[in-house]
Amino acid sequence: MMTTSRTPFHLVKPSLWPFAASTFVLTTLLFLVIQMHYDYSNTSNIFLISTFFLIWTLGSWWFDICVESYRAGHHTKKVRAGIRMAMVLFIASEVLFFFSFFWAFFHSSLAPVYNIGGVWPPKGIDLISPWGIPLLNTFILLSSGATVTRAHHAILKNQNRTVIYNLDLTLILAILFTKLQLMEYSESSFLISDSVYGSLFYLMTGFHGAHVFIGTLFLFVCLVRMETGHFSRNYHFGFEAAIWYWHFVDVVWILLFICLYWWGGALTVIKISI
């Protein structure tokens, strides 16, 4: 890394992490798809190894950024403004990502084709009740949004112990949400291969779960940085970005609960009554 006196920006040294991250993302998804379709004996092991190196790569890249920010002091006001805009664009891309899944869901549910019997949900699909684990997970995730917001308000008041306490609560709630989601999967009567409904259900909730996992890691890194004194009242955009991401996860789950669990079940009740 190097900085100049002429500009508030800095030039980053050539890094291996972007190439390594893209490579391991490719191999992880490739062997995951192969495992799902062909179930080769060694594919699952390669998938786990690739996933491990992907997490290690992202962690190392994250560490370098923290060094740039806190120790080297290269994240000037101009640099932080650019990172802020990058985070906004990233969340916008995530909105479009989930929008495509909701589009597919409403396209299939409002105009079901003859291949699935012309009804929605398809025959043979026993829907998950929205008033069990999904409702409980909604309260858990909304509560985590409240605690992480409380942590943000606390850091603006220099109440560091309150920040750490609320971050701890947020992480506990996030882990509980993930555990309940996995429990729901284990008790579900249909699989991802069971018609378009099964595919959409596991794609939408599964990708949301992946975002919860990433957001949990994001907040855990912020907790570690908070405990080591990296954040202050005027310098905590890394934490703020994690909060933005977590609130995005909250909003997506609310839409999933309303559309996928509640509204999808309501369609069944309406058709039975008719």
# chains A, B, ... in the order shown; residues from 1 in each chain; ligands from 1
$ residues_around --residues "stretch 23-25 of chain A" --least-positions-apart "6" --cutoff "8 Å" --atoms "only C-alpha atoms" --output "PDB file with N, CA and C atoms, in the first residue's frame"
ATOM      1  N   SER A  50     -12.945 -27.063  -0.604  1.00  0.00           N
ATOM      2  CA  SER A  50     -13.050 -25.796  -1.324  1.00  0.00           C
ATOM      3  C   SER A  50     -13.745 -24.743  -0.470  1.00  0.00           C
ATOM      4  N   THR A  51     -14.783 -25.152   0.273  1.00  0.00           N
ATOM      5  CA  THR A  51     -15.491 -24.218   1.153  1.00  0.00           C
ATOM      6  C   THR A  51     -14.569 -23.698   2.250  1.00  0.00           C
ATOM      7  N   PHE A  53     -11.271 -23.374   2.150  1.00  0.00           N
ATOM      8  CA  PHE A  53     -10.310 -22.425   1.594  1.00  0.00           C
ATOM      9  C   PHE A  53     -10.992 -21.120   1.178  1.00  0.00           C
ATOM     10  N   LEU A  54     -12.263 -21.193   0.784  1.00  0.00           N
ATOM     11  CA  LEU A  54     -12.992 -19.971   0.467  1.00  0.00           C
ATOM     12  C   LEU A  54     -13.155 -19.109   1.715  1.00  0.00           C
TER      13      LEU A  54
END
$ select_by_dssp --residues "stretch 89-208 of chain A" --states "helix (DSSP H, G or I)" --output "count of residues only"
91
$ closest_residue --among "A:Met183, A:Cys66, A:Leu176, A:Ala154" --to "A:Val224" --atoms "only C-alpha atoms"
A:Cys66
$ closest_residue --among "A:Ile46, A:Leu191, A:Val196, A:Met85" --to "A:Val119" --atoms "only C-alpha atoms"
A:Val196
$ residues_around --residues "A:Lys123" --least-positions-apart "3" --cutoff "12 Å" --atoms "only C-alpha atoms" --output "NGL selection string"
:A and (112 or 114-120 or 126-127 or 190 or 194-198 or 268)
$ write_last_selection --atoms "N, CA and C atoms" --output "PDB file, in the first residue's frame"
ATOM      1  N   PRO A 112     -50.158 -21.254 -12.542  1.00  0.00           N
ATOM      2  CA  PRO A 112     -49.550 -22.588 -12.541  1.00  0.00           C
ATOM      3  C   PRO A 112     -49.806 -23.327 -13.847  1.00  0.00           C
ATOM      4  N   TYR A 114     -49.756 -26.656 -16.632  1.00  0.00           N
ATOM      5  CA  TYR A 114     -50.369 -27.981 -16.576  1.00  0.00           C
ATOM      6  C   TYR A 114     -49.400 -29.051 -16.078  1.00  0.00           C
ATOM      7  N   ASN A 115     -48.083 -28.791 -16.196  1.00  0.00           N
ATOM      8  CA  ASN A 115     -47.104 -29.786 -15.760  1.00  0.00           C
ATOM      9  C   ASN A 115     -47.224 -30.102 -14.277  1.00  0.00           C
ATOM     10  N   ILE A 116     -47.693 -29.132 -13.491  1.00  0.00           N
ATOM     11  CA  ILE A 116     -47.836 -29.358 -12.049  1.00  0.00           C
ATOM     12  C   ILE A 116     -49.312 -29.485 -11.666  1.00  0.00           C
ATOM     13  N   GLY A 117     -50.148 -29.773 -12.672  1.00  0.00           N
ATOM     14  CA  GLY A 117     -51.567 -29.993 -12.398  1.00  0.00           C
ATOM     15  C   GLY A 117     -52.422 -28.754 -12.467  1.00  0.00           C
ATOM     16  N   GLY A 118     -51.826 -27.616 -12.832  1.00  0.00           N
ATOM     17  CA  GLY A 118     -52.595 -26.380 -12.935  1.00  0.00           C
ATOM     18  C   GLY A 118     -53.027 -25.803 -11.601  1.00  0.00           C
ATOM     19  N   VAL A 119     -52.430 -26.268 -10.512  1.00  0.00           N
ATOM     20  CA  VAL A 119     -52.790 -25.760  -9.189  1.00  0.00           C
ATOM     21  C   VAL A 119     -51.516 -25.348  -8.449  1.00  0.00           C
ATOM     22  N   TRP A 120     -51.707 -24.506  -7.453  1.00  0.00           N
ATOM     23  CA  TRP A 120     -50.587 -24.073  -6.614  1.00  0.00           C
ATOM     24  C   TRP A 120     -51.013 -24.097  -5.153  1.00  0.00           C
ATOM     25  N   ASP A 126     -47.040 -30.932   0.916  1.00  0.00           N
ATOM     26  CA  ASP A 126     -47.613 -30.635   2.226  1.00  0.00           C
ATOM     27  C   ASP A 126     -46.909 -29.402   2.779  1.00  0.00           C
ATOM     28  N   LEU A 127     -47.592 -28.272   2.758  1.00  0.00           N
ATOM     29  CA  LEU A 127     -46.974 -27.003   3.118  1.00  0.00           C
ATOM     30  C   LEU A 127     -46.588 -26.951   4.597  1.00  0.00           C
ATOM     31  N   PHE A 190     -41.078 -32.323   1.950  1.00  0.00           N
ATOM     32  CA  PHE A 190     -40.706 -32.256   0.531  1.00  0.00           C
ATOM     33  C   PHE A 190     -39.247 -31.824   0.415  1.00  0.00           C
ATOM     34  N   ASP A 194     -38.706 -31.694  -5.460  1.00  0.00           N
ATOM     35  CA  ASP A 194     -40.149 -31.922  -5.542  1.00  0.00           C
ATOM     36  C   ASP A 194     -40.850 -30.743  -6.206  1.00  0.00           C
ATOM     37  N   SER A 195     -40.887 -30.791  -7.509  1.00  0.00           N
ATOM     38  CA  SER A 195     -41.569 -29.805  -8.356  1.00  0.00           C
ATOM     39  C   SER A 195     -40.968 -28.402  -8.197  1.00  0.00           C
ATOM     40  N   VAL A 196     -41.590 -27.452  -8.863  1.00  0.00           N
ATOM     41  CA  VAL A 196     -41.088 -26.082  -8.846  1.00  0.00           C
ATOM     42  C   VAL A 196     -41.236 -25.464  -7.458  1.00  0.00           C
ATOM     43  N   TYR A 197     -42.236 -25.934  -6.695  1.00  0.00           N
ATOM     44  CA  TYR A 197     -42.416 -25.381  -5.354  1.00  0.00           C
ATOM     45  C   TYR A 197     -41.234 -25.732  -4.460  1.00  0.00           C
ATOM     46  N   GLY A 198     -40.837 -26.988  -4.461  1.00  0.00           N
ATOM     47  CA  GLY A 198     -39.691 -27.391  -3.655  1.00  0.00           C
ATOM     48  C   GLY A 198     -38.424 -26.666  -4.057  1.00  0.00           C
ATOM     49  N   THR A 268     -53.870 -22.186  -0.689  1.00  0.00           N
ATOM     50  CA  THR A 268     -54.398 -23.525  -0.489  1.00  0.00           C
ATOM     51  C   THR A 268     -55.760 -23.503   0.189  1.00  0.00           C
TER      52      THR A 268
END
$ residues_around --residues "A:His211" --least-positions-apart "3" --cutoff "9 Å" --atoms "only C-alpha atoms" --output "VMD selection string"
chain A and resid 206 to 208 214 to 216 245 to 246 249
$ closest_atom_pairs --of "stretch 25-111 of chain A" --to "stretch 11-20 of chain A" --cutoff "8 Å" --atoms "only C-alpha atoms" --output "tab-separated table"
residue	atom	partner	partner_atom	distance
A:Leu54	CA	A:Ala20	CA	7.8
A:Thr57	CA	A:Trp17	CA	6.3
A:Leu58	CA	A:Trp17	CA	7.5
A:Ser60	CA	A:Trp17	CA	7.7
A:Trp61	CA	A:Trp17	CA	5.9
$ atom_distance --atom1 "atom CA of A:Glu94" --atom2 "atom CA of A:Phe248"
8.9 Å
$ residues_around --residues "A:Thr147" --least-positions-apart "6" --cutoff "7 Å" --atoms "only C-alpha atoms" --output "number ranges by chain"
A: 166, 169-170
$ residues_around --residues "A:Ile258" --least-positions-apart "3" --cutoff "12 Å" --atoms "only C-alpha atoms" --output "PDB file with C-alpha atoms, in the first residue's frame"
ATOM      1  CA  PHE A 102     -39.784 -13.664  -6.018  1.00  0.00           C
ATOM      2  CA  PRO A 130     -46.377 -20.400   8.920  1.00  0.00           C
ATOM      3  CA  TRP A 131     -47.455 -20.299  12.578  1.00  0.00           C
ATOM      4  CA  PRO A 134     -41.424 -19.565  10.556  1.00  0.00           C
ATOM      5  CA  LEU A 135     -43.322 -17.241  12.914  1.00  0.00           C
ATOM      6  CA  THR A 138     -39.648 -13.928  12.370  1.00  0.00           C
ATOM      7  CA  VAL A 251     -36.553  -7.244   5.233  1.00  0.00           C
ATOM      8  CA  VAL A 252     -36.033 -10.220   2.918  1.00  0.00           C
ATOM      9  CA  TRP A 253     -37.199 -12.606   5.634  1.00  0.00           C
ATOM     10  CA  ILE A 254     -40.367 -10.574   6.242  1.00  0.00           C
ATOM     11  CA  LEU A 255     -41.146 -10.807   2.519  1.00  0.00           C
ATOM     12  CA  TYR A 261     -45.239 -19.134   4.037  1.00  0.00           C
ATOM     13  CA  TRP A 262     -48.408 -17.165   4.783  1.00  0.00           C
ATOM     14  CA  TRP A 263     -49.708 -16.177   1.314  1.00  0.00           C
ATOM     15  CA  GLY A 264     -48.728 -19.533  -0.195  1.00  0.00           C
ATOM     16  CA  GLY A 265     -50.721 -21.307   2.495  1.00  0.00           C
ATOM     17  CA  ALA A 266     -53.632 -18.914   2.070  1.00  0.00           C
TER      18      ALA A 266
END
$ closest_residue --among "A:Ile164, A:Ile65, A:Phe257, A:Thr28" --to "A:Leu136" --atoms "only C-alpha atoms"
A:Phe257
$ closest_residue --among "A:Ala21, A:Pro121, A:Ala241, A:His75" --to "A:Leu89" --atoms "only C-alpha atoms"
A:Ala241
$ closest_residue --among "A:Gln181, A:Ser108, A:Ser93, A:Ser100" --to "A:Ile133" --atoms "only C-alpha atoms"
A:Gln181
$ atom_distance --atom1 "atom CA of A:Phe98" --atom2 "atom CA of A:Arg150"
27.3 Å
$ closest_residue --among "A:Leu203, A:Glu187, A:Ile34, A:Phe63" --to "A:Phe97" --atoms "only C-alpha atoms"
A:Leu203
$ residues_around --residues "stretch 220-223 of chain A" --least-positions-apart "2" --cutoff "7 Å" --atoms "only C-alpha atoms" --output "MDAnalysis selection string"
chainID A and resid 164 167 216:218 225:227 239
$ atom_distance --atom1 "atom CA of A:Ile243" --atom2 "atom CA of A:Leu219"
8.0 Å
